[in-house]
Amino acid sequence: MATARSPAIRIYRRNEARFEALRATLVRHDFHAVVPPDALAEWEYVDDRALRVLGWRGVVLVEARDGALAEDFDRLHRLAFPSDSAIPDGGGPPELVTVIAGSDESGKGERGRPLAVAAVAISVEAEGEALARGVRDSKLCTASEVVELARWITKNLGHAGRVIDADARARALRESGGNETRLLARLHSDCLRELHGRAPFSIARVDRFAPSRPVAALFRDAVVDECIRGERHVACAAASILARAATLRA
């Protein structure tokens with residue numbers, strides 16, 4: 001799947017985790033349930049306009065093709081959200097996502113070689129320029145393209161990274177109980193935490209490497225979407241380029 005610009009993203013946070021009224025309203029407005037739900041969601045609905053509504057533990061994430069459609073959703077459905085006050089007003093307005101992070105690794109499963117994890121934060125406005133410069137899944141890039149794109153990313157976008165050479169990797173793996181998933185989860189969360197301290201973001205896309213979604217369990221400062229084919233998101237693709245560039249240098 002090709003890397004593409006992000007949809008308009010809105011995040012609704014509520015103290016109440018029960019969304020039965022909202023889900024019933026969605027069904028009445030011709031949304032249908034997605035089974036099983038994607039990524040981090042406990043439940044998911046989509047309509048014919050490809051407007052996606054995902055919910056879990058007091059959070060609802062809405063993805064729309066543009067801001068106008070997202071505002072239309074808010075106008076039609078806000079009152080169906082649980083209220084955070086004594087008055088059933090549907091709660092406060094959503095958070096508009098303007099900066100998105102992505103993290104990815106290079107060298108997974110290749111014991112005896114360097115392992116690198118990188119995280120990148122990019123504003124929604126800057127995604128167009130990144131795509132125009134050729135930012136995409138690093139597996140689709142030549143080594144020279146990776147080096148050139150990595151140079152542009154490190155100069156223009158917030159980023160953080162961890163690189164472990166072959167010897168240090170063996171030690172780090174032993175310290176993680178021989179579990180590479182546990183090691184990767186720690187490296188991803190460390191990169192995201194460092195990046196969030198310098199360039200705060202609302203949501204992070206992580207290319208899923210374990211069905212348990214271990215990064216979200218360690219990093220709770222933002223929504224963590226551990227998704228399949230994460231490089232379809234610009235931030236995740238940029239992170240994959242930085243991680244691969246780091247292993248090339250190593």
# chains A, B, ... in the order shown; residues from 1 in each chain; ligands from 1
$ select_by_dssp --residues "region 5-215 of chain A" --states "alpha helix (DSSP H)" --output "PyMOL selection string"
chain A and resi 20-28+67-77+127-132+143-156+166-175+180-198+214-215
$ residues_around --residues "Glu145 (chain A)" --least-positions-apart "3" --cutoff "10 Å" --atoms "only C-alpha atoms" --output "PyMOL selection string"
chain A and resi 134-135+138+140-142+148-151+241+245
$ closest_residue --among "A:Gly177, A:Gly109, A:Gly230, A:Gly58" --to "Arg136 (chain A)" --atoms "only C-alpha atoms"
A:Gly230
$ residues_around --residues "Pro82 (chain A)" --least-positions-apart "6" --cutoff "9 Å" --atoms "only C-alpha atoms" --output "NGL selection string"
:A and (14-19 or 21-22 or 88-91)
$ closest_residue --among "A:Glu129, A:Glu42, A:Asp104, A:Glu226" --to "Leu184 (chain A)" --atoms "only C-alpha atoms"
A:Asp104
$ closest_residue --among "A:Arg213, A:Arg111, A:His196, A:Arg5" --to "Ala172 (chain A)" --atoms "only C-alpha atoms"
A:Arg111
$ residues_around --residues "Phe209 (chain A)" --least-positions-apart "4" --cutoff "12 Å" --atoms "only C-alpha atoms" --output "list in words"
Ala39, Ser103, Asp104, Glu105, Ser106, Lys108, Gly109, Glu180, Thr181, Arg182, Leu183, Leu184, Ala185, His188, Arg213, Pro214, Val215, Asp225, Glu226, Cys227, Ile228, Arg229 and Gly230 of chain A
$ atom_distance --atom1 "CA of Leu79 (chain A)" --atom2 "CA of Ile100 (chain A)"
27.5 Å
$ closest_residue --among "A:Ser189, A:Ala238, A:Arg232, A:Val206" --to "Phe219 (chain A)" --atoms "only C-alpha atoms"
A:Ser189
$ select_by_dssp --residues "region 113-187 of chain A" --states "strand (DSSP E)" --output "compact mmCIF listing (two decimals) with N, CA and C atoms, in the first residue's frame"
# COMPACT_ATOMS: atom_id res chain seq x y z
N LEU A 115 20.78 -3.31 15.16
CA LEU A 115 19.35 -3.08 15.28
C LEU A 115 19.13 -1.59 15.52
N ALA A 116 18.22 -1.00 14.75
CA ALA A 116 17.95 0.43 14.90
C ALA A 116 16.45 0.67 14.99
N VAL A 117 16.06 1.61 15.84
CA VAL A 117 14.68 2.07 15.94
C VAL A 117 14.70 3.59 15.84
N ALA A 118 13.77 4.15 15.09
CA ALA A 118 13.69 5.61 14.93
C ALA A 118 12.25 6.06 15.08
N ALA A 119 12.09 7.29 15.55
CA ALA A 119 10.77 7.92 15.63
C ALA A 119 10.87 9.30 14.99
N VAL A 120 9.81 9.68 14.28
CA VAL A 120 9.76 10.96 13.57
C VAL A 120 8.43 11.62 13.86
N ALA A 121 8.44 12.93 14.07
CA ALA A 121 7.21 13.71 14.22
C ALA A 121 7.09 14.66 13.04
N ILE A 122 5.91 14.72 12.45
CA ILE A 122 5.69 15.59 11.30
C ILE A 122 4.32 16.25 11.41
N SER A 123 4.25 17.51 11.07
CA SER A 123 2.96 18.19 11.06
C SER A 123 2.17 17.73 9.85
N GLY A 158 11.31 16.67 13.50
CA GLY A 158 11.69 16.17 14.81
C GLY A 158 11.93 14.67 14.76
N HIS A 159 12.96 14.20 15.45
CA HIS A 159 13.28 12.79 15.35
C HIS A 159 14.07 12.33 16.57
N ALA A 160 14.05 11.04 16.80
CA ALA A 160 14.84 10.42 17.86
C ALA A 160 15.17 9.01 17.40
N GLY A 161 16.25 8.45 17.93
CA GLY A 161 16.64 7.12 17.47
C GLY A 161 17.49 6.37 18.48
N ARG A 162 17.51 5.08 18.31
CA ARG A 162 18.37 4.20 19.10
C ARG A 162 19.03 3.21 18.14
N VAL A 163 20.33 3.03 18.27
CA VAL A 163 21.06 2.07 17.43
C VAL A 163 21.87 1.16 18.35
N ILE A 164 21.78 -0.13 18.13
CA ILE A 164 22.52 -1.10 18.92
C ILE A 164 23.35 -1.93 17.96
$ closest_residue --among "A:Val99, A:Leu61, A:Ile11, A:Ala246" --to "Leu40 (chain A)" --atoms "only C-alpha atoms"
A:Leu61
$ closest_residue --among "A:Leu76, A:Met1, A:Ala204, A:Leu96" --to "Asp137 (chain A)" --atoms "only C-alpha atoms"
A:Met1
$ residues_around --residues "region 47-57 of chain A" --least-positions-apart "3" --cutoff "10 Å" --atoms "only C-alpha atoms" --output "PyMOL selection string"
chain A and resi 7-19+23+26-27+29-34+37-44+60-66+69-70+73
$ write_last_selection --atoms "N, CA and C atoms" --output "tab-separated table (two decimals), in the first residue's frame"
chain	number	residue	atom	x	y	z
A	7	PRO	N	-5.52	11.46	6.93
A	7	PRO	CA	-6.86	12.05	6.93
A	7	PRO	C	-6.96	13.10	8.02
A	8	ALA	N	-8.09	13.80	8.08
A	8	ALA	CA	-8.36	14.69	9.21
A	8	ALA	C	-8.68	13.82	10.42
A	9	ILE	N	-7.94	14.02	11.52
A	9	ILE	CA	-8.07	13.18	12.70
A	9	ILE	C	-8.57	14.01	13.87
A	10	ARG	N	-9.58	13.51	14.57
A	10	ARG	CA	-10.11	14.13	15.77
A	10	ARG	C	-10.11	13.10	16.89
A	11	ILE	N	-9.71	13.52	18.09
A	11	ILE	CA	-9.67	12.63	19.24
A	11	ILE	C	-10.62	13.16	20.31
A	12	TYR	N	-11.59	12.34	20.68
A	12	TYR	CA	-12.54	12.66	21.75
A	12	TYR	C	-12.13	11.86	23.00
A	13	ARG	N	-11.93	12.55	24.11
A	13	ARG	CA	-11.59	11.88	25.36
A	13	ARG	C	-12.73	12.11	26.37
A	14	ARG	N	-13.17	11.02	26.99
A	14	ARG	CA	-14.26	11.10	27.95
A	14	ARG	C	-13.91	10.30	29.21
A	15	ASN	N	-14.40	10.76	30.34
A	15	ASN	CA	-14.21	10.02	31.58
A	15	ASN	C	-15.01	8.72	31.57
A	16	GLU	N	-16.12	8.72	30.87
A	16	GLU	CA	-16.98	7.56	30.77
A	16	GLU	C	-16.57	6.70	29.58
A	17	ALA	N	-16.46	5.39	29.78
A	17	ALA	CA	-16.03	4.50	28.70
A	17	ALA	C	-17.19	3.81	27.99
A	18	ARG	N	-18.41	4.12	28.39
A	18	ARG	CA	-19.58	3.48	27.77
A	18	ARG	C	-20.06	4.35	26.60
A	19	PHE	N	-20.05	3.78	25.41
A	19	PHE	CA	-20.41	4.53	24.21
A	19	PHE	C	-21.59	3.88	23.47
A	23	ARG	N	-22.76	4.50	19.55
A	23	ARG	CA	-22.74	3.40	18.58
A	23	ARG	C	-24.11	3.18	17.97
A	26	LEU	N	-24.62	5.87	15.40
A	26	LEU	CA	-23.86	5.59	14.19
A	26	LEU	C	-24.61	4.60	13.30
A	27	VAL	N	-25.15	3.57	13.89
A	27	VAL	CA	-25.89	2.57	13.11
A	27	VAL	C	-27.10	3.22	12.44
A	29	HIS	N	-27.29	6.12	11.40
A	29	HIS	CA	-26.81	6.99	10.31
A	29	HIS	C	-25.99	6.20	9.29
A	30	ASP	N	-26.29	4.92	9.16
A	30	ASP	CA	-25.74	4.07	8.09
A	30	ASP	C	-24.25	3.77	8.22
A	31	PHE	N	-23.72	3.81	9.43
A	31	PHE	CA	-22.39	3.27	9.68
A	31	PHE	C	-22.53	1.76	9.91
A	32	HIS	N	-21.53	0.99	9.51
A	32	HIS	CA	-21.55	-0.43	9.79
A	32	HIS	C	-20.29	-0.83	10.55
A	33	ALA	N	-20.43	-1.84	11.37
A	33	ALA	CA	-19.33	-2.28	12.23
A	33	ALA	C	-18.27	-2.99	11.42
A	34	VAL	N	-17.01	-2.77	11.79
A	34	VAL	CA	-15.87	-3.47	11.21
A	34	VAL	C	-15.45	-4.56	12.19
A	37	PRO	N	-12.10	-5.07	14.63
A	37	PRO	CA	-11.64	-3.69	14.45
A	37	PRO	C	-10.15	-3.63	14.19
A	38	ASP	N	-9.71	-2.53	13.54
A	38	ASP	CA	-8.31	-2.38	13.19
A	38	ASP	C	-7.51	-1.83	14.37
A	39	ALA	N	-6.24	-2.12	14.34
A	39	ALA	CA	-5.24	-1.49	15.21
A	39	ALA	C	-5.64	-1.50	16.67
A	40	LEU	N	-5.66	-0.32	17.30
A	40	LEU	CA	-5.82	-0.23	18.74
A	40	LEU	C	-7.26	-0.35	19.21
A	41	ALA	N	-8.24	-0.37	18.33
A	41	ALA	CA	-9.63	-0.19	18.70
A	41	ALA	C	-10.26	-1.42	19.35
A	42	GLU	N	-11.22	-1.16	20.26
A	42	GLU	CA	-12.08	-2.21	20.78
A	42	GLU	C	-13.30	-2.37	19.89
A	43	TRP	N	-13.71	-1.28	19.23
A	43	TRP	CA	-14.79	-1.33	18.25
A	43	TRP	C	-14.53	-0.28	17.18
A	44	GLU	N	-15.10	-0.50	16.01
A	44	GLU	CA	-14.87	0.38	14.86
A	44	GLU	C	-16.09	0.38	13.96
A	60	VAL	N	-12.36	8.07	21.69
A	60	VAL	CA	-12.90	7.83	20.35
A	60	VAL	C	-12.05	8.61	19.36
A	61	LEU	N	-11.60	7.93	18.33
A	61	LEU	CA	-10.79	8.54	17.28
A	61	LEU	C	-11.59	8.54	15.99
A	62	VAL	N	-11.70	9.70	15.37
A	62	VAL	CA	-12.45	9.85	14.12
A	62	VAL	C	-11.47	10.23	13.01
A	63	GLU	N	-11.53	9.51	11.91
A	63	GLU	CA	-10.72	9.82	10.73
A	63	GLU	C	-11.65	10.13	9.57
A	64	ALA	N	-11.47	11.29	8.96
A	64	ALA	CA	-12.30	11.72	7.83
A	64	ALA	C	-11.40	12.20	6.71
A	65	ARG	N	-11.92	12.20	5.50
A	65	ARG	CA	-11.06	12.57	4.36
A	65	ARG	C	-10.68	14.04	4.39
A	66	ASP	N	-11.46	14.87	5.09
A	66	ASP	CA	-11.12	16.29	5.20
A	66	ASP	C	-11.75	16.87	6.45
A	69	LEU	N	-15.72	17.20	6.64
A	69	LEU	CA	-16.43	15.97	6.97
A	69	LEU	C	-16.30	15.66	8.46
A	70	ALA	N	-15.13	15.93	9.03
A	70	ALA	CA	-14.94	15.72	10.46
A	70	ALA	C	-15.83	16.66	11.27
A	73	PHE	N	-19.36	15.38	11.17
A	73	PHE	CA	-19.55	14.29	12.13
A	73	PHE	C	-19.76	14.85	13.53
$ atom_distance --atom1 "CA of Ala222 (chain A)" --atom2 "CA of Pro36 (chain A)"
23.3 Å
$ atom_distance --atom1 "CA of Ala2 (chain A)" --atom2 "CA of Arg205 (chain A)"
15.5 Å
$ decode --residues "region 117-146 of chain A" --atoms "N, CA and C atoms" --output "JSON list (two decimals), in the first residue's frame"
[["chain", "number", "residue", "atom", "x", "y", "z"],
["A", 117, "VAL", "N", 16.06, 1.61, 15.84],
["A", 117, "VAL", "CA", 14.68, 2.07, 15.94],
["A", 117, "VAL", "C", 14.70, 3.59, 15.84],
["A", 118, "ALA", "N", 13.77, 4.15, 15.09],
["A", 118, "ALA", "CA", 13.69, 5.61, 14.93],
["A", 118, "ALA", "C", 12.25, 6.06, 15.08],
["A", 119, "ALA", "N", 12.09, 7.29, 15.55],
["A", 119, "ALA", "CA", 10.77, 7.92, 15.63],
["A", 119, "ALA", "C", 10.87, 9.30, 14.99],
["A", 120, "VAL", "N", 9.81, 9.68, 14.28],
["A", 120, "VAL", "CA", 9.76, 10.96, 13.57],
["A", 120, "VAL", "C", 8.43, 11.62, 13.86],
["A", 121, "ALA", "N", 8.44, 12.93, 14.07],
["A", 121, "ALA", "CA", 7.21, 13.71, 14.22],
["A", 121, "ALA", "C", 7.09, 14.66, 13.04],
["A", 122, "ILE", "N", 5.91, 14.72, 12.45],
["A", 122, "ILE", "CA", 5.69, 15.59, 11.30],
["A", 122, "ILE", "C", 4.32, 16.25, 11.41],
["A", 123, "SER", "N", 4.25, 17.51, 11.07],
["A", 123, "SER", "CA", 2.96, 18.19, 11.06],
["A", 123, "SER", "C", 2.17, 17.73, 9.85],
["A", 124, "VAL", "N", 0.87, 17.76, 9.97],
["A", 124, "VAL", "CA", 0.02, 17.36, 8.85],
["A", 124, "VAL", "C", 0.29, 18.23, 7.64],
["A", 125, "GLU", "N", 0.59, 19.51, 7.89],
["A", 125, "GLU", "CA", 0.86, 20.42, 6.78],
["A", 125, "GLU", "C", 2.13, 20.05, 6.02],
["A", 126, "ALA", "N", 3.11, 19.46, 6.70],
["A", 126, "ALA", "CA", 4.39, 19.14, 6.07],
["A", 126, "ALA", "C", 4.38, 17.81, 5.33],
["A", 127, "GLU", "N", 3.31, 17.03, 5.46],
["A", 127, "GLU", "CA", 3.29, 15.72, 4.83],
["A", 127, "GLU", "C", 3.39, 15.80, 3.31],
["A", 128, "GLY", "N", 2.77, 16.82, 2.72],
["A", 128, "GLY", "CA", 2.80, 16.97, 1.28],
["A", 128, "GLY", "C", 4.23, 17.13, 0.76],
["A", 129, "GLU", "N", 5.02, 17.95, 1.41],
["A", 129, "GLU", "CA", 6.41, 18.14, 0.98],
["A", 129, "GLU", "C", 7.21, 16.85, 1.14],
["A", 130, "ALA", "N", 6.98, 16.14, 2.26],
["A", 130, "ALA", "CA", 7.69, 14.88, 2.49],
["A", 130, "ALA", "C", 7.39, 13.88, 1.38],
["A", 131, "LEU", "N", 6.14, 13.78, 0.99],
["A", 131, "LEU", "CA", 5.76, 12.86, -0.09],
["A", 131, "LEU", "C", 6.37, 13.30, -1.41],
["A", 132, "ALA", "N", 6.36, 14.61, -1.66],
["A", 132, "ALA", "CA", 6.92, 15.12, -2.91],
["A", 132, "ALA", "C", 8.42, 14.83, -3.01],
["A", 133, "ARG", "N", 9.10, 14.76, -1.87],
["A", 133, "ARG", "CA", 10.53, 14.46, -1.87],
["A", 133, "ARG", "C", 10.80, 12.97, -1.97],
["A", 134, "GLY", "N", 9.73, 12.16, -1.89],
["A", 134, "GLY", "CA", 9.91, 10.73, -2.07],
["A", 134, "GLY", "C", 9.89, 9.90, -0.81],
["A", 135, "VAL", "N", 9.48, 10.48, 0.31],
["A", 135, "VAL", "CA", 9.41, 9.71, 1.56],
["A", 135, "VAL", "C", 8.37, 8.60, 1.39],
["A", 136, "ARG", "N", 8.81, 7.38, 1.63],
["A", 136, "ARG", "CA", 7.96, 6.19, 1.49],
["A", 136, "ARG", "C", 8.60, 5.05, 2.26],
["A", 137, "ASP", "N", 8.01, 3.89, 2.19],
["A", 137, "ASP", "CA", 8.56, 2.72, 2.85],
["A", 137, "ASP", "C", 10.02, 2.54, 2.44],
["A", 138, "SER", "N", 10.91, 2.44, 3.41],
["A", 138, "SER", "CA", 12.34, 2.33, 3.08],
["A", 138, "SER", "C", 12.66, 1.09, 2.28],
["A", 139, "LYS", "N", 11.83, 0.06, 2.36],
["A", 139, "LYS", "CA", 12.07, -1.16, 1.57],
["A", 139, "LYS", "C", 11.90, -0.91, 0.08],
["A", 140, "LEU", "N", 11.26, 0.19, -0.27],
["A", 140, "LEU", "CA", 11.06, 0.55, -1.67],
["A", 140, "LEU", "C", 12.11, 1.54, -2.16],
["A", 141, "CYS", "N", 13.08, 1.87, -1.31],
["A", 141, "CYS", "CA", 14.11, 2.84, -1.65],
["A", 141, "CYS", "C", 15.45, 2.15, -1.86],
["A", 142, "THR", "N", 16.27, 2.72, -2.73],
["A", 142, "THR", "CA", 17.65, 2.26, -2.85],
["A", 142, "THR", "C", 18.45, 2.80, -1.66],
["A", 143, "ALA", "N", 19.64, 2.26, -1.46],
["A", 143, "ALA", "CA", 20.47, 2.72, -0.35],
["A", 143, "ALA", "C", 20.81, 4.20, -0.49],
["A", 144, "SER", "N", 21.08, 4.65, -1.70],
["A", 144, "SER", "CA", 21.42, 6.07, -1.89],
["A", 144, "SER", "C", 20.20, 6.95, -1.61],
["A", 145, "GLU", "N", 19.00, 6.49, -1.98],
["A", 145, "GLU", "CA", 17.79, 7.26, -1.68],
["A", 145, "GLU", "C", 17.58, 7.34, -0.17],
["A", 146, "VAL", "N", 17.81, 6.24, 0.53],
["A", 146, "VAL", "CA", 17.66, 6.24, 1.98],
["A", 146, "VAL", "C", 18.58, 7.27, 2.61]]
